[in-house]
>>> print(open('structure_11.cif').read())   # mmCIF, N, CA, C and O atoms
data_run
loop_
_atom_site.label_atom_id
_atom_site.label_comp_id
_atom_site.auth_asym_id
_atom_site.auth_seq_id
_atom_site.Cartn_x
_atom_site.Cartn_y
_atom_site.Cartn_z
N MET O 1 -37.72 17.20 -82.08
CA MET O 1 -38.41 16.26 -82.94
C MET O 1 -37.88 16.32 -84.37
O MET O 1 -38.42 15.70 -85.24
N GLY O 2 -36.82 17.06 -84.61
CA GLY O 2 -36.27 17.19 -85.95
C GLY O 2 -35.71 15.89 -86.49
O GLY O 2 -35.58 15.72 -87.70
N HIS O 3 -35.36 14.95 -85.63
CA HIS O 3 -34.79 13.69 -86.08
C HIS O 3 -35.85 12.68 -86.52
O HIS O 3 -35.54 11.72 -87.21
N VAL O 4 -37.09 12.90 -86.17
CA VAL O 4 -38.15 11.94 -86.48
C VAL O 4 -38.33 11.76 -87.99
O VAL O 4 -38.39 10.62 -88.46
N PRO O 5 -38.40 12.83 -88.80
CA PRO O 5 -38.54 12.61 -90.25
C PRO O 5 -37.36 11.84 -90.84
O PRO O 5 -37.54 10.99 -91.73
N VAL O 6 -36.16 12.12 -90.36
CA VAL O 6 -34.99 11.41 -90.88
C VAL O 6 -35.07 9.93 -90.53
O VAL O 6 -34.87 9.06 -91.38
N LEU O 7 -35.37 9.63 -89.27
CA LEU O 7 -35.49 8.23 -88.87
C LEU O 7 -36.63 7.53 -89.60
O LEU O 7 -36.50 6.37 -90.00
N ASP O 8 -37.73 8.22 -89.79
CA ASP O 8 -38.87 7.64 -90.51
C ASP O 8 -38.45 7.26 -91.93
O ASP O 8 -38.79 6.19 -92.43
N HIS O 9 -37.69 8.14 -92.57
CA HIS O 9 -37.21 7.87 -93.93
C HIS O 9 -36.24 6.69 -93.95
O HIS O 9 -36.35 5.81 -94.80
N VAL O 10 -35.31 6.67 -93.01
CA VAL O 10 -34.32 5.59 -92.95
C VAL O 10 -35.02 4.26 -92.70
O VAL O 10 -34.70 3.25 -93.32
N ILE O 11 -35.99 4.26 -91.80
CA ILE O 11 -36.73 3.02 -91.51
C ILE O 11 -37.46 2.53 -92.75
O ILE O 11 -37.48 1.34 -93.05
N SER O 12 -38.05 3.46 -93.51
CA SER O 12 -38.78 3.04 -94.72
C SER O 12 -37.86 2.44 -95.77
O SER O 12 -38.29 1.63 -96.59
N LEU O 13 -36.58 2.81 -95.77
CA LEU O 13 -35.63 2.28 -96.74
C LEU O 13 -34.98 0.97 -96.28
O LEU O 13 -34.38 0.26 -97.09
N SER O 14 -35.10 0.65 -95.02
CA SER O 14 -34.48 -0.55 -94.48
C SER O 14 -35.33 -1.77 -94.82
O SER O 14 -36.54 -1.77 -94.55
N PRO O 15 -34.70 -2.80 -95.38
CA PRO O 15 -35.49 -3.98 -95.75
C PRO O 15 -36.00 -4.77 -94.55
O PRO O 15 -36.94 -5.54 -94.67
N SER O 16 -35.38 -4.58 -93.39
CA SER O 16 -35.82 -5.32 -92.20
C SER O 16 -35.39 -4.55 -90.95
O SER O 16 -34.50 -3.70 -91.02
N PRO O 17 -36.01 -4.85 -89.81
CA PRO O 17 -35.58 -4.22 -88.56
C PRO O 17 -34.10 -4.49 -88.26
O PRO O 17 -33.40 -3.64 -87.74
N ARG O 18 -33.63 -5.67 -88.62
CA ARG O 18 -32.23 -6.01 -88.37
C ARG O 18 -31.31 -5.08 -89.16
O ARG O 18 -30.31 -4.59 -88.63
N HIS O 19 -31.63 -4.84 -90.44
CA HIS O 19 -30.80 -3.94 -91.24
C HIS O 19 -30.81 -2.52 -90.68
O HIS O 19 -29.80 -1.84 -90.66
N PHE O 20 -31.97 -2.09 -90.21
CA PHE O 20 -32.05 -0.75 -89.60
C PHE O 20 -31.18 -0.69 -88.36
O PHE O 20 -30.41 0.25 -88.17
N ALA O 21 -31.28 -1.70 -87.50
CA ALA O 21 -30.50 -1.72 -86.26
C ALA O 21 -29.00 -1.75 -86.56
O ALA O 21 -28.23 -1.04 -85.90
N GLU O 22 -28.60 -2.53 -87.54
CA GLU O 22 -27.18 -2.59 -87.90
C GLU O 22 -26.69 -1.24 -88.43
O GLU O 22 -25.60 -0.78 -88.08
N GLY O 23 -27.50 -0.59 -89.27
CA GLY O 23 -27.14 0.72 -89.80
C GLY O 23 -27.03 1.77 -88.70
O GLY O 23 -26.11 2.59 -88.68
N LEU O 24 -27.96 1.72 -87.77
CA LEU O 24 -27.95 2.66 -86.65
C LEU O 24 -26.71 2.43 -85.78
O LEU O 24 -26.04 3.38 -85.37
N ALA O 25 -26.38 1.17 -85.54
CA ALA O 25 -25.20 0.85 -84.73
C ALA O 25 -23.92 1.35 -85.40
O ALA O 25 -23.03 1.89 -84.74
N VAL O 26 -23.84 1.21 -86.71
CA VAL O 26 -22.66 1.68 -87.44
C VAL O 26 -22.54 3.19 -87.32
O VAL O 26 -21.45 3.73 -87.13
N CYS O 27 -23.67 3.90 -87.39
CA CYS O 27 -23.64 5.37 -87.27
C CYS O 27 -23.26 5.82 -85.87
O CYS O 27 -22.59 6.85 -85.71
N LEU O 28 -23.67 5.09 -84.86
CA LEU O 28 -23.42 5.49 -83.47
C LEU O 28 -22.07 5.01 -82.94
O LEU O 28 -21.60 5.49 -81.91
N GLU O 29 -21.44 4.07 -83.64
CA GLU O 29 -20.20 3.49 -83.13
C GLU O 29 -19.12 4.53 -82.83
O GLU O 29 -18.52 4.50 -81.75
N PRO O 30 -18.85 5.50 -83.72
CA PRO O 30 -17.80 6.48 -83.39
C PRO O 30 -18.13 7.30 -82.13
O PRO O 30 -17.24 7.60 -81.33
N LEU O 31 -19.39 7.62 -81.94
CA LEU O 31 -19.80 8.37 -80.75
C LEU O 31 -19.51 7.57 -79.49
O LEU O 31 -18.91 8.07 -78.53
N PHE O 32 -19.91 6.31 -79.48
CA PHE O 32 -19.71 5.48 -78.30
C PHE O 32 -18.23 5.13 -78.09
O PHE O 32 -17.78 5.03 -76.95
N ASP O 33 -17.48 4.97 -79.17
CA ASP O 33 -16.04 4.75 -79.02
C ASP O 33 -15.37 5.95 -78.35
O ASP O 33 -14.55 5.79 -77.45
N GLY O 34 -15.73 7.15 -78.80
CA GLY O 34 -15.17 8.36 -78.20
C GLY O 34 -15.57 8.51 -76.75
O GLY O 34 -14.75 8.89 -75.90
N LEU O 35 -16.83 8.22 -76.45
CA LEU O 35 -17.30 8.29 -75.07
C LEU O 35 -16.55 7.30 -74.19
O LEU O 35 -16.09 7.63 -73.09
N TYR O 36 -16.37 6.08 -74.68
CA TYR O 36 -15.65 5.05 -73.93
C TYR O 36 -14.21 5.50 -73.64
O TYR O 36 -13.73 5.39 -72.52
N GLU O 37 -13.54 6.00 -74.68
CA GLU O 37 -12.15 6.44 -74.50
C GLU O 37 -12.06 7.56 -73.47
O GLU O 37 -11.17 7.55 -72.60
N THR O 38 -12.96 8.53 -73.55
CA THR O 38 -12.95 9.64 -72.61
C THR O 38 -13.19 9.17 -71.18
O THR O 38 -12.49 9.57 -70.25
N LEU O 39 -14.17 8.29 -71.01
CA LEU O 39 -14.46 7.78 -69.66
C LEU O 39 -13.30 6.96 -69.11
O LEU O 39 -12.98 7.06 -67.92
N MET O 40 -12.66 6.17 -69.95
CA MET O 40 -11.53 5.38 -69.48
C MET O 40 -10.35 6.27 -69.09
O MET O 40 -9.66 6.00 -68.11
N GLU O 41 -10.12 7.34 -69.84
CA GLU O 41 -9.06 8.29 -69.48
C GLU O 41 -9.37 8.94 -68.13
O GLU O 41 -8.47 9.08 -67.28
N GLN O 42 -10.62 9.33 -67.93
CA GLN O 42 -11.00 9.95 -66.66
C GLN O 42 -10.89 8.96 -65.51
O GLN O 42 -10.45 9.31 -64.42
N LEU O 43 -11.28 7.72 -65.75
CA LEU O 43 -11.19 6.69 -64.72
C LEU O 43 -9.74 6.39 -64.36
O LEU O 43 -9.41 6.19 -63.19
N THR O 44 -8.86 6.38 -65.35
CA THR O 44 -7.44 6.16 -65.09
C THR O 44 -6.87 7.30 -64.25
O THR O 44 -6.09 7.06 -63.31
N ALA O 45 -7.26 8.53 -64.58
CA ALA O 45 -6.76 9.69 -63.84
C ALA O 45 -7.33 9.75 -62.42
O ALA O 45 -6.66 10.20 -61.50
N GLU O 46 -8.56 9.30 -62.24
CA GLU O 46 -9.23 9.37 -60.93
C GLU O 46 -10.01 8.08 -60.70
O GLU O 46 -11.18 7.97 -61.07
N PRO O 47 -9.37 7.05 -60.12
CA PRO O 47 -10.02 5.75 -59.94
C PRO O 47 -11.33 5.79 -59.16
O PRO O 47 -12.20 4.95 -59.37
N GLY O 48 -11.52 6.75 -58.29
CA GLY O 48 -12.76 6.83 -57.52
C GLY O 48 -13.87 7.60 -58.22
O GLY O 48 -14.90 7.88 -57.62
N LEU O 49 -13.65 7.92 -59.50
CA LEU O 49 -14.61 8.73 -60.25
C LEU O 49 -16.02 8.14 -60.25
O LEU O 49 -17.00 8.85 -60.07
N PHE O 50 -16.12 6.85 -60.42
CA PHE O 50 -17.43 6.20 -60.50
C PHE O 50 -17.78 5.49 -59.20
O PHE O 50 -18.28 4.38 -59.20
N GLN O 51 -17.55 6.17 -58.10
CA GLN O 51 -17.90 5.62 -56.80
C GLN O 51 -18.67 6.67 -56.02
O GLN O 51 -18.24 7.82 -55.90
N LEU O 52 -19.82 6.28 -55.53
CA LEU O 52 -20.63 7.19 -54.74
C LEU O 52 -20.14 7.20 -53.30
O LEU O 52 -19.75 6.15 -52.77
N PRO O 53 -20.14 8.35 -52.65
CA PRO O 53 -19.70 8.42 -51.25
C PRO O 53 -20.51 7.46 -50.38
O PRO O 53 -21.73 7.41 -50.45
N GLY O 54 -19.80 6.67 -49.60
CA GLY O 54 -20.44 5.73 -48.70
C GLY O 54 -20.88 4.43 -49.35
O GLY O 54 -21.40 3.55 -48.68
N ASP O 55 -20.70 4.28 -50.65
CA ASP O 55 -21.11 3.07 -51.35
C ASP O 55 -19.86 2.25 -51.67
O ASP O 55 -18.98 2.71 -52.39
N GLU O 56 -19.80 1.06 -51.12
CA GLU O 56 -18.61 0.22 -51.28
C GLU O 56 -18.67 -0.65 -52.54
O GLU O 56 -17.75 -1.41 -52.81
N THR O 57 -19.73 -0.53 -53.33
CA THR O 57 -19.86 -1.38 -54.52
C THR O 57 -19.08 -0.82 -55.71
O THR O 57 -18.99 -1.46 -56.75
N GLY O 58 -18.54 0.39 -55.58
CA GLY O 58 -17.71 0.95 -56.64
C GLY O 58 -18.49 1.29 -57.90
O GLY O 58 -19.61 1.79 -57.86
N ALA O 59 -17.85 0.99 -59.04
CA ALA O 59 -18.44 1.34 -60.33
C ALA O 59 -19.78 0.63 -60.56
O ALA O 59 -20.69 1.20 -61.16
N ALA O 60 -19.93 -0.58 -60.07
CA ALA O 60 -21.19 -1.32 -60.26
C ALA O 60 -22.33 -0.59 -59.57
O ALA O 60 -23.41 -0.42 -60.14
N GLY O 61 -22.11 -0.13 -58.35
CA GLY O 61 -23.14 0.62 -57.63
C GLY O 61 -23.45 1.94 -58.30
O GLY O 61 -24.60 2.37 -58.37
N PHE O 62 -22.40 2.60 -58.81
CA PHE O 62 -22.59 3.86 -59.53
C PHE O 62 -23.49 3.63 -60.75
O PHE O 62 -24.44 4.38 -60.99
N MET O 63 -23.19 2.59 -61.52
CA MET O 63 -23.97 2.32 -62.73
C MET O 63 -25.42 1.93 -62.39
O MET O 63 -26.34 2.35 -63.08
N GLU O 64 -25.61 1.16 -61.34
CA GLU O 64 -26.97 0.80 -60.94
C GLU O 64 -27.76 2.05 -60.57
O GLU O 64 -28.91 2.21 -60.98
N THR O 65 -27.14 2.95 -59.82
CA THR O 65 -27.80 4.20 -59.44
C THR O 65 -28.07 5.06 -60.66
O THR O 65 -29.15 5.63 -60.81
N TRP O 66 -27.11 5.14 -61.56
CA TRP O 66 -27.26 5.96 -62.78
C TRP O 66 -28.39 5.44 -63.65
O TRP O 66 -29.24 6.20 -64.09
N ILE O 67 -28.41 4.12 -63.88
CA ILE O 67 -29.45 3.53 -64.73
C ILE O 67 -30.82 3.71 -64.08
O ILE O 67 -31.80 4.06 -64.75
N ARG O 68 -30.93 3.48 -62.76
CA ARG O 68 -32.21 3.67 -62.07
C ARG O 68 -32.68 5.11 -62.18
O ARG O 68 -33.85 5.37 -62.48
N THR O 69 -31.77 6.06 -62.01
CA THR O 69 -32.12 7.48 -62.13
C THR O 69 -32.59 7.82 -63.53
O THR O 69 -33.58 8.54 -63.71
N MET O 70 -31.90 7.30 -64.54
CA MET O 70 -32.31 7.56 -65.93
C MET O 70 -33.70 6.99 -66.21
O MET O 70 -34.53 7.63 -66.86
N ARG O 71 -33.98 5.80 -65.70
CA ARG O 71 -35.30 5.20 -65.90
C ARG O 71 -36.39 6.02 -65.20
O ARG O 71 -37.47 6.21 -65.74
N GLU O 72 -36.09 6.48 -63.99
CA GLU O 72 -37.06 7.30 -63.25
C GLU O 72 -37.33 8.61 -63.98
O GLU O 72 -38.48 9.03 -64.10
N GLN O 73 -36.28 9.24 -64.48
CA GLN O 73 -36.46 10.50 -65.20
C GLN O 73 -37.23 10.28 -66.50
O GLN O 73 -38.07 11.10 -66.88
N THR O 74 -36.96 9.19 -67.19
CA THR O 74 -37.68 8.88 -68.42
C THR O 74 -39.17 8.66 -68.13
O THR O 74 -40.03 9.17 -68.85
N ALA O 75 -39.46 7.92 -67.06
CA ALA O 75 -40.86 7.67 -66.69
C ALA O 75 -41.57 8.98 -66.34
O ALA O 75 -42.71 9.21 -66.75
N ARG O 76 -40.88 9.86 -65.59
CA ARG O 76 -41.49 11.15 -65.25
C ARG O 76 -41.72 11.99 -66.50
O ARG O 76 -42.77 12.61 -66.65
N ALA O 77 -40.77 12.00 -67.41
CA ALA O 77 -40.91 12.79 -68.65
C ALA O 77 -42.06 12.25 -69.49
O ALA O 77 -42.85 13.02 -70.03
N ARG O 78 -42.17 10.94 -69.59
CA ARG O 78 -43.28 10.35 -70.36
C ARG O 78 -44.61 10.70 -69.71
O ARG O 78 -45.59 10.96 -70.40
N GLY O 79 -44.65 10.70 -68.39
CA GLY O 79 -45.87 11.07 -67.68
C GLY O 79 -46.27 12.50 -67.96
O GLY O 79 -47.44 12.80 -68.17
N ARG O 80 -45.28 13.41 -68.02
CA ARG O 80 -45.57 14.82 -68.32
C ARG O 80 -46.08 14.97 -69.75
O ARG O 80 -46.99 15.74 -70.00
N VAL O 81 -45.51 14.24 -70.68
CA VAL O 81 -45.94 14.33 -72.08
C VAL O 81 -47.38 13.84 -72.21
O VAL O 81 -48.20 14.46 -72.87
N GLU O 82 -47.71 12.73 -71.57
CA GLU O 82 -49.06 12.19 -71.66
C GLU O 82 -50.06 13.13 -71.01
O GLU O 82 -51.16 13.31 -71.51
N VAL O 83 -49.69 13.76 -69.90
CA VAL O 83 -50.58 14.70 -69.24
C VAL O 83 -50.78 15.93 -70.11
O VAL O 83 -51.88 16.43 -70.28
N THR O 84 -49.70 16.41 -70.73
CA THR O 84 -49.76 17.62 -71.54
C THR O 84 -50.45 17.38 -72.87
O THR O 84 -51.27 18.18 -73.31
N HIS O 85 -50.11 16.28 -73.54
CA HIS O 85 -50.59 16.05 -74.90
C HIS O 85 -51.61 14.93 -75.02
O HIS O 85 -52.09 14.67 -76.11
N GLY O 86 -51.92 14.27 -73.96
CA GLY O 86 -52.84 13.16 -74.02
C GLY O 86 -52.11 11.88 -74.36
O GLY O 86 -50.90 11.87 -74.57
N PRO O 87 -52.82 10.76 -74.45
CA PRO O 87 -52.18 9.48 -74.74
C PRO O 87 -51.60 9.48 -76.15
O PRO O 87 -52.05 10.21 -77.02
N PRO O 88 -50.56 8.64 -76.39
CA PRO O 88 -49.97 8.59 -77.72
C PRO O 88 -50.96 8.09 -78.76
O PRO O 88 -51.87 7.32 -78.46
N CYS O 89 -50.79 8.55 -79.96
CA CYS O 89 -51.64 8.15 -81.07
C CYS O 89 -51.37 6.69 -81.40
O CYS O 89 -50.21 6.27 -81.48
N PRO O 90 -52.40 5.86 -81.63
CA PRO O 90 -52.18 4.44 -81.85
C PRO O 90 -51.51 4.12 -83.18
O PRO O 90 -50.90 3.09 -83.32
N SER O 91 -51.59 4.99 -84.16
CA SER O 91 -51.03 4.69 -85.46
C SER O 91 -50.15 5.85 -85.92
O SER O 91 -50.57 7.01 -85.88
N PRO O 92 -48.92 5.56 -86.39
CA PRO O 92 -48.05 6.64 -86.86
C PRO O 92 -48.65 7.41 -88.03
O PRO O 92 -48.36 8.58 -88.23
N THR O 93 -49.52 6.80 -88.80
CA THR O 93 -50.10 7.49 -89.97
C THR O 93 -51.16 8.49 -89.55
O THR O 93 -51.53 9.35 -90.33
N LEU O 94 -51.64 8.40 -88.30
CA LEU O 94 -52.68 9.32 -87.84
C LEU O 94 -52.13 10.56 -87.16
O LEU O 94 -52.86 11.42 -86.73
N ARG O 95 -50.81 10.66 -87.02
CA ARG O 95 -50.21 11.80 -86.32
C ARG O 95 -50.33 13.06 -87.10
O ARG O 95 -50.24 13.24 -88.20
#
>>> encode(input="structure_11.cif", output="structure tokens")
Amino acid sequence: MGHVPVLDHVISLSPSPRHFAEGLAVCLEPLFDGLYETLMEQLTAEPGLFQLPGDETGAAGFMETWIRTMREQTARARGRVEVTHGPPCPSPTLR
């Protein structure tokens, strides 16, 4: 949760949600560029890298499975947080 105060401060300085989103995208761009380059190098070296055994859909099927798994894990994690800490607070100022 160490990033929450930083994001809260950045959001308060942003004149609009659009400016915040643009600033965040600029900060994350090098990370995603590096990730893309690394994945493309791995895919070039091993074309079957993003293919699940027995799945003929290739990279598309891999991504669908990956995204579904991430959503399921996120839902389970949110469920654990709500069970452990109760429902989220309705107002950020009341936290």
>>> residues_around(input="structure_11.cif", residues="O:Phe50", least_positions_apart="5", cutoff="6 Å", atoms="all atoms listed in the file", output="PyMOL selection string")
chain O and resi 58-63
>>> axis_aligned_box(input="structure_11.cif", around="stretch 41-58 of chain O", padding_each_side="6 Å", output="JSON")
{"center_x": -13.9, "center_y": 4.4, "center_z": -59.3, "size_x": 27.6, "size_y": 23.7, "size_z": 33.2}
>>> residues_around(input="structure_11.cif", residues="O:Gly48", least_positions_apart="4", cutoff="12 Å", atoms="only C-alpha atoms", output="JSON, numbers by chain")
{"O": [42, 43, 44, 52, 53, 54, 55, 56, 57, 58, 59, 62]}
>>> atom_distance(input="structure_11.cif", atom1="atom C of O:Ala21", atom2="atom CA of O:Gly34")
19.1 Å
>>> atom_distance(input="structure_11.cif", atom1="atom CA of O:Arg68", atom2="atom CA of O:Gln51")
15.4 Å
>>> atom_distance(input="structure_11.cif", atom1="atom CA of O:Gly23", atom2="atom O of O:Val10")
8.7 Å
>>> select_by_dssp(input="structure_11.cif", residues="chain O", states="helix (DSSP H, G or I)", output="count of residues only")
70
